$ cat protein_27.cif   # mmCIF, C-alpha atoms
data_structure
#
loop_
_atom_site.label_atom_id
_atom_site.label_comp_id
_atom_site.auth_asym_id
_atom_site.auth_seq_id
_atom_site.Cartn_x
_atom_site.Cartn_y
_atom_site.Cartn_z
CA MET A 649 6.08 49.69 -3.17
CA LYS A 650 9.00 49.54 -0.76
CA ILE A 651 8.75 50.17 3.00
CA VAL A 652 11.28 52.83 4.01
CA GLY A 653 10.25 53.42 7.61
CA THR A 654 7.87 52.48 10.38
CA GLN A 655 6.92 53.89 13.74
CA THR A 656 5.12 51.48 16.02
CA PRO A 657 4.28 52.57 19.57
CA PRO A 658 4.19 49.89 22.28
CA PRO A 659 0.97 47.85 22.62
CA ALA A 660 -2.13 49.49 24.02
CA SER A 661 -2.98 48.60 27.61
CA VAL A 662 -5.40 45.76 28.29
CA GLU A 663 -7.86 48.28 29.79
CA LYS A 664 -7.83 50.42 26.65
CA ARG A 665 -8.13 47.39 24.39
CA ASN A 666 -11.13 46.20 26.40
CA ALA A 667 -12.76 49.64 26.15
CA LEU A 668 -12.19 49.64 22.40
CA GLU A 669 -13.55 46.14 21.96
CA ALA A 670 -16.73 47.17 23.82
CA MET A 671 -17.41 50.01 21.37
CA LEU A 672 -16.58 48.24 18.10
CA PRO A 673 -19.34 47.20 15.70
CA PRO A 674 -20.22 43.54 16.32
CA ASP A 675 -19.62 42.61 12.67
CA LEU A 676 -16.09 44.04 12.57
CA PRO A 677 -13.54 41.31 11.83
CA ALA A 678 -12.13 40.02 15.12
CA ASP A 679 -8.52 40.21 13.94
CA TYR A 680 -8.64 44.03 14.02
CA LEU A 681 -7.80 43.91 17.74
CA ILE A 682 -4.58 42.01 16.99
CA LEU A 683 -3.07 45.34 15.97
CA PHE A 684 -3.41 46.72 19.48
CA GLU A 685 -1.94 43.62 21.10
CA ASN A 686 1.24 44.44 19.16
CA TYR A 687 1.17 48.23 18.69
CA ASP A 688 -0.95 51.22 19.66
CA GLY A 689 -1.41 52.29 16.05
CA ALA A 690 1.34 52.59 13.47
CA ASP A 691 2.91 54.84 10.85
CA ILE A 692 4.46 53.32 7.72
CA TRP A 693 6.33 55.17 4.93
CA PHE A 694 6.84 53.82 1.41
CA ASP A 695 9.08 54.57 -1.57
CA ASP A 696 8.91 53.50 -5.24
CA VAL A 697 5.16 54.12 -5.32
CA ASP A 698 3.30 53.15 -8.51
CA TRP A 699 0.53 55.76 -8.67
CA SER A 700 -1.09 53.95 -11.62
CA ARG A 701 -1.92 51.08 -9.21
CA ASP A 702 -3.62 53.32 -6.61
CA GLU A 703 -0.70 52.94 -4.23
CA PHE A 704 0.01 55.33 -1.38
CA ASP A 705 3.24 56.67 0.11
CA TYR A 706 2.14 56.68 3.76
CA LEU A 707 -0.15 54.56 5.90
CA ARG A 708 -1.38 55.54 9.34
CA LEU A 709 -3.29 53.19 11.65
CA ASP A 710 -5.14 55.08 14.40
CA SER A 711 -4.25 54.53 18.06
CA VAL A 712 -6.73 53.21 20.63
CA ASP A 713 -7.23 56.73 22.01
CA GLU A 714 -8.10 57.99 18.53
CA MET A 715 -10.49 55.08 18.02
CA LEU A 716 -12.15 55.78 21.39
CA ASP A 717 -12.83 59.44 20.54
CA VAL A 718 -16.63 59.19 20.49
CA GLU A 719 -17.20 62.54 18.80
CA THR A 720 -14.78 61.78 15.97
CA ARG A 721 -16.26 58.26 15.55
CA ALA A 722 -19.77 59.70 15.24
CA THR A 723 -18.63 62.24 12.63
CA LEU A 724 -16.78 59.58 10.62
CA SER A 725 -19.76 57.22 10.71
CA GLU A 726 -22.05 59.97 9.50
CA THR A 727 -19.65 61.23 6.84
CA PHE A 728 -18.65 57.80 5.55
CA PRO A 729 -21.61 55.42 5.93
CA GLY A 730 -20.60 51.88 5.10
CA LEU A 731 -17.00 52.45 6.16
CA PHE A 732 -15.41 51.88 9.55
CA VAL A 733 -12.42 54.24 9.50
CA ILE A 734 -9.24 52.90 11.12
CA GLY A 735 -6.61 55.29 9.70
CA SER A 736 -5.53 57.28 6.68
CA ASP A 737 -2.78 57.98 4.19
CA GLY A 738 -1.90 61.08 6.19
CA GLY A 739 -3.71 63.21 3.62
CA GLY A 740 -7.13 63.05 2.01
CA GLN A 741 -7.62 59.28 1.83
CA ILE A 742 -9.08 57.20 4.63
CA LEU A 743 -8.16 53.66 5.60
CA ALA A 744 -11.29 51.73 6.49
CA TYR A 745 -13.11 48.45 6.64
CA ASP A 746 -15.68 48.49 3.83
CA SER A 747 -18.90 46.98 5.16
CA THR A 748 -20.58 47.33 1.77
CA ARG A 749 -18.52 44.36 0.55
CA PRO A 750 -19.01 40.73 1.54
CA LYS A 751 -17.69 39.55 4.91
CA PRO A 752 -15.05 39.44 6.08
CA TRP A 753 -14.83 43.13 5.20
CA PRO A 754 -11.65 44.12 3.37
CA ILE A 755 -9.52 47.08 4.40
CA VAL A 756 -9.63 49.76 1.70
CA MET A 757 -8.06 53.15 0.97
CA HIS A 758 -11.02 55.41 0.17
CA LEU A 759 -10.56 58.81 -1.48
CA PRO A 760 -13.67 60.85 -0.60
CA GLY A 761 -15.26 62.37 -3.66
CA TYR A 762 -13.48 60.00 -6.06
CA SER A 763 -14.01 56.47 -4.76
CA LYS A 764 -17.53 55.08 -4.67
CA LEU A 765 -18.43 52.76 -1.83
CA GLY A 766 -17.45 49.26 -2.83
CA SER A 767 -14.90 50.47 -5.40
CA ALA A 768 -11.97 51.77 -3.33
CA PRO A 769 -8.71 49.85 -3.75
CA VAL A 770 -8.27 46.99 -1.29
CA VAL A 771 -5.19 47.44 0.90
CA ALA A 772 -5.54 44.07 2.64
CA SER A 773 -8.15 41.38 3.08
CA SER A 774 -7.67 41.46 6.87
CA MET A 775 -5.69 43.16 9.64
CA THR A 776 -3.60 40.01 9.89
CA GLU A 777 -2.63 40.34 6.22
CA LEU A 778 -1.99 44.08 6.56
CA MET A 779 0.31 43.55 9.54
CA GLN A 780 2.18 40.70 7.87
CA ARG A 781 2.68 42.73 4.72
CA TYR A 782 3.54 46.13 6.17
CA LEU A 783 4.58 45.60 9.80
CA LYS A 784 6.18 42.15 9.51
CA ALA A 785 4.20 41.10 12.58
#
$ encode --input "protein_27.cif" --output "structure tokens"
Amino acid sequence: MKIVGTQTPPPASVEKRNALEAMLPPDLPADYLILFENYDGADIWFDDVDWSRDEFDYLRLDSVDEMLDVETRATLSETFPGLFVIGSDGGGQILAYDSTRPKPWPIVMHLPGYSKLGSAPVVASSMTELMQRYLKA
């Protein structure tokens, strides 16, 4: 899979990062917040996708404002128990930490209705790995 484009807004403000940190689950891997020290979310496009390996052609990491949307967070938690949603593929798949797996929770791409909890393909073992691989941070 080859990266063909990225869009990375400037870092989230310290105030917004602090508000986000206060609402995050206590067991969430600490390196998740590294994303917002560098960017306020991100969009990444790929080419040469190998669909037989459960790859995706787009990856979207939610912004702090999206993460702070309490109503959306409640709906996602109810709809996807065991997953902490942090983005998507821009379509039907969700990017999430999978809390049904051993800690530290991996980041997975879950396709509702097709992936069972604990079986979705792992995108990265951590936010640090995801950023190094896809954002060169």
$ residues_around --input "protein_27.cif" --residues "Met649 (chain A)" --least-positions-apart "3" --cutoff "10 Å" --atoms "all atoms listed in the file" --output "NGL selection string"
:A and (652 or 693-699 or 703-705)
$ resolve_selection --input "protein_27.cif" --expression "the PyMOL selection byres ((chain A and resi 676) around 10)" --output "ChimeraX atom specification"
/A:669,672-675,677-681,732,745-747,751-753
$ axis_aligned_box --input "protein_27.cif" --around "region 712-715 of chain A" --padding-each-side "5 Å" --output "AutoDock Vina command-line options"
--center_x -8.6 --center_y 55.6 --center_z 20.0 --size_x 13.8 --size_y 14.8 --size_z 14.0
$ residues_around --input "protein_27.cif" --residues "Val662 (chain A)" --least-positions-apart "4" --cutoff "10 Å" --atoms "all atoms listed in the file" --output "number ranges by chain"
A: 666-668, 684-685
$ atom_distance --input "protein_27.cif" --atom1 "CA of Arg665 (chain A)" --atom2 "CA of Ile742 (chain A)"
22.1 Å
$ resolve_selection --input "protein_27.cif" --expression "the PyMOL selection byres ((chain A and resi 756) around 10)" --output "list in words"
Leu731, Phe732, Val733, Ile734, Ser736, Gln741, Ile742, Leu743, Ala744, Tyr745, Asp746, Trp753, Pro754, Ile755, Met757, His758, Leu759, Leu765, Gly766, Ser767, Ala768, Pro769, Val770, Val771, Ala772, Ser773 and Ser774 of chain A
$ write_last_selection --input "protein_27.cif" --atoms "C-alpha atoms" --output "tab-separated table (two decimals), in the frame of the given file"
chain	number	residue	atom	x	y	z
A	731	LEU	CA	-17.00	52.45	6.16
A	732	PHE	CA	-15.41	51.88	9.55
A	733	VAL	CA	-12.42	54.24	9.50
A	734	ILE	CA	-9.24	52.90	11.12
A	736	SER	CA	-5.53	57.28	6.68
A	741	GLN	CA	-7.62	59.28	1.83
A	742	ILE	CA	-9.08	57.20	4.63
A	743	LEU	CA	-8.16	53.66	5.60
A	744	ALA	CA	-11.29	51.73	6.49
A	745	TYR	CA	-13.11	48.45	6.64
A	746	ASP	CA	-15.68	48.49	3.83
A	753	TRP	CA	-14.83	43.13	5.20
A	754	PRO	CA	-11.65	44.12	3.37
A	755	ILE	CA	-9.52	47.08	4.40
A	757	MET	CA	-8.06	53.15	0.97
A	758	HIS	CA	-11.02	55.41	0.17
A	759	LEU	CA	-10.56	58.81	-1.48
A	765	LEU	CA	-18.43	52.76	-1.83
A	766	GLY	CA	-17.45	49.26	-2.83
A	767	SER	CA	-14.90	50.47	-5.40
A	768	ALA	CA	-11.97	51.77	-3.33
A	769	PRO	CA	-8.71	49.85	-3.75
A	770	VAL	CA	-8.27	46.99	-1.29
A	771	VAL	CA	-5.19	47.44	0.90
A	772	ALA	CA	-5.54	44.07	2.64
A	773	SER	CA	-8.15	41.38	3.08
A	774	SER	CA	-7.67	41.46	6.87
$ resolve_selection --input "protein_27.cif" --expression "the PyMOL selection byres ((chain A and resi 783) around 9)" --output "NGL selection string"
:A and (654 or 656 or 690 or 692 or 778-782 or 784-785)
$ atom_distance --input "protein_27.cif" --atom1 "CA of Ala722 (chain A)" --atom2 "CA of Tyr706 (chain A)"
24.9 Å
$ closest_residue --input "protein_27.cif" --among "A:Leu707, A:Gly689, A:Ile682, A:Met671" --to "Arg721 (chain A)" --atoms "all atoms listed in the file"
A:Met671
$ build_atoms --input "protein_27.cif" --residues "region 661-679 of chain A" --atoms "N, CA, C and O atoms" --output "PDB file, keeping the file's coordinate frame"
ATOM      1  N   SER A 661      -2.722  49.318  26.364  1.00  0.00           N
ATOM      2  CA  SER A 661      -2.980  48.600  27.610  1.00  0.00           C
ATOM      3  C   SER A 661      -4.200  47.694  27.460  1.00  0.00           C
ATOM      4  O   SER A 661      -5.061  47.919  26.608  1.00  0.00           O
ATOM      5  N   VAL A 662      -4.270  46.690  28.292  1.00  0.00           N
ATOM      6  CA  VAL A 662      -5.400  45.760  28.290  1.00  0.00           C
ATOM      7  C   VAL A 662      -6.693  46.534  28.550  1.00  0.00           C
ATOM      8  O   VAL A 662      -7.723  46.283  27.915  1.00  0.00           O
ATOM      9  N   GLU A 663      -6.666  47.484  29.467  1.00  0.00           N
ATOM     10  CA  GLU A 663      -7.860  48.280  29.790  1.00  0.00           C
ATOM     11  C   GLU A 663      -8.354  49.043  28.568  1.00  0.00           C
ATOM     12  O   GLU A 663      -9.560  49.063  28.282  1.00  0.00           O
ATOM     13  N   LYS A 664      -7.439  49.666  27.844  1.00  0.00           N
ATOM     14  CA  LYS A 664      -7.830  50.420  26.650  1.00  0.00           C
ATOM     15  C   LYS A 664      -8.333  49.494  25.554  1.00  0.00           C
ATOM     16  O   LYS A 664      -9.298  49.801  24.868  1.00  0.00           O
ATOM     17  N   ARG A 665      -7.681  48.349  25.397  1.00  0.00           N
ATOM     18  CA  ARG A 665      -8.130  47.390  24.390  1.00  0.00           C
ATOM     19  C   ARG A 665      -9.530  46.888  24.716  1.00  0.00           C
ATOM     20  O   ARG A 665     -10.368  46.738  23.827  1.00  0.00           O
ATOM     21  N   ASN A 666      -9.799  46.637  25.991  1.00  0.00           N
ATOM     22  CA  ASN A 666     -11.130  46.200  26.400  1.00  0.00           C
ATOM     23  C   ASN A 666     -12.177  47.278  26.138  1.00  0.00           C
ATOM     24  O   ASN A 666     -13.285  46.973  25.700  1.00  0.00           O
ATOM     25  N   ALA A 667     -11.837  48.528  26.416  1.00  0.00           N
ATOM     26  CA  ALA A 667     -12.760  49.640  26.150  1.00  0.00           C
ATOM     27  C   ALA A 667     -13.037  49.755  24.659  1.00  0.00           C
ATOM     28  O   ALA A 667     -14.186  49.968  24.245  1.00  0.00           O
ATOM     29  N   LEU A 668     -12.007  49.585  23.851  1.00  0.00           N
ATOM     30  CA  LEU A 668     -12.190  49.640  22.400  1.00  0.00           C
ATOM     31  C   LEU A 668     -13.058  48.489  21.917  1.00  0.00           C
ATOM     32  O   LEU A 668     -13.993  48.693  21.138  1.00  0.00           O
ATOM     33  N   GLU A 669     -12.775  47.308  22.381  1.00  0.00           N
ATOM     34  CA  GLU A 669     -13.550  46.140  21.960  1.00  0.00           C
ATOM     35  C   GLU A 669     -15.038  46.327  22.279  1.00  0.00           C
ATOM     36  O   GLU A 669     -15.897  45.947  21.488  1.00  0.00           O
ATOM     37  N   ALA A 670     -15.332  46.950  23.410  1.00  0.00           N
ATOM     38  CA  ALA A 670     -16.730  47.170  23.820  1.00  0.00           C
ATOM     39  C   ALA A 670     -17.463  48.137  22.897  1.00  0.00           C
ATOM     40  O   ALA A 670     -18.686  48.054  22.764  1.00  0.00           O
ATOM     41  N   MET A 671     -16.740  49.038  22.225  1.00  0.00           N
ATOM     42  CA  MET A 671     -17.410  50.010  21.370  1.00  0.00           C
ATOM     43  C   MET A 671     -17.391  49.655  19.874  1.00  0.00           C
ATOM     44  O   MET A 671     -18.028  50.308  19.071  1.00  0.00           O
ATOM     45  N   LEU A 672     -16.688  48.611  19.516  1.00  0.00           N
ATOM     46  CA  LEU A 672     -16.580  48.240  18.100  1.00  0.00           C
ATOM     47  C   LEU A 672     -17.881  47.636  17.584  1.00  0.00           C
ATOM     48  O   LEU A 672     -18.595  46.956  18.320  1.00  0.00           O
ATOM     49  N   PRO A 673     -18.165  47.839  16.294  1.00  0.00           N
ATOM     50  CA  PRO A 673     -19.340  47.200  15.700  1.00  0.00           C
ATOM     51  C   PRO A 673     -19.209  45.673  15.821  1.00  0.00           C
ATOM     52  O   PRO A 673     -18.113  45.127  15.635  1.00  0.00           O
ATOM     53  N   PRO A 674     -20.299  44.994  16.114  1.00  0.00           N
ATOM     54  CA  PRO A 674     -20.220  43.540  16.320  1.00  0.00           C
ATOM     55  C   PRO A 674     -19.775  42.765  15.083  1.00  0.00           C
ATOM     56  O   PRO A 674     -19.222  41.672  15.216  1.00  0.00           O
ATOM     57  N   ASP A 675     -19.995  43.313  13.902  1.00  0.00           N
ATOM     58  CA  ASP A 675     -19.620  42.610  12.670  1.00  0.00           C
ATOM     59  C   ASP A 675     -18.175  42.862  12.241  1.00  0.00           C
ATOM     60  O   ASP A 675     -17.720  42.277  11.262  1.00  0.00           O
ATOM     61  N   LEU A 676     -17.470  43.735  12.944  1.00  0.00           N
ATOM     62  CA  LEU A 676     -16.090  44.040  12.570  1.00  0.00           C
ATOM     63  C   LEU A 676     -15.236  42.786  12.706  1.00  0.00           C
ATOM     64  O   LEU A 676     -15.362  42.053  13.697  1.00  0.00           O
ATOM     65  N   PRO A 677     -14.387  42.491  11.723  1.00  0.00           N
ATOM     66  CA  PRO A 677     -13.540  41.310  11.830  1.00  0.00           C
ATOM     67  C   PRO A 677     -12.747  41.295  13.139  1.00  0.00           C
ATOM     68  O   PRO A 677     -12.155  42.301  13.530  1.00  0.00           O
ATOM     69  N   ALA A 678     -12.750  40.158  13.799  1.00  0.00           N
ATOM     70  CA  ALA A 678     -12.130  40.020  15.120  1.00  0.00           C
ATOM     71  C   ALA A 678     -10.626  40.288  15.093  1.00  0.00           C
ATOM     72  O   ALA A 678     -10.058  40.715  16.093  1.00  0.00           O
ATOM     73  N   ASP A 679      -9.976  40.052  13.959  1.00  0.00           N
ATOM     74  CA  ASP A 679      -8.520  40.210  13.940  1.00  0.00           C
ATOM     75  C   ASP A 679      -8.074  41.665  13.988  1.00  0.00           C
ATOM     76  O   ASP A 679      -6.893  41.947  14.145  1.00  0.00           O
TER      77      ASP A 679
END
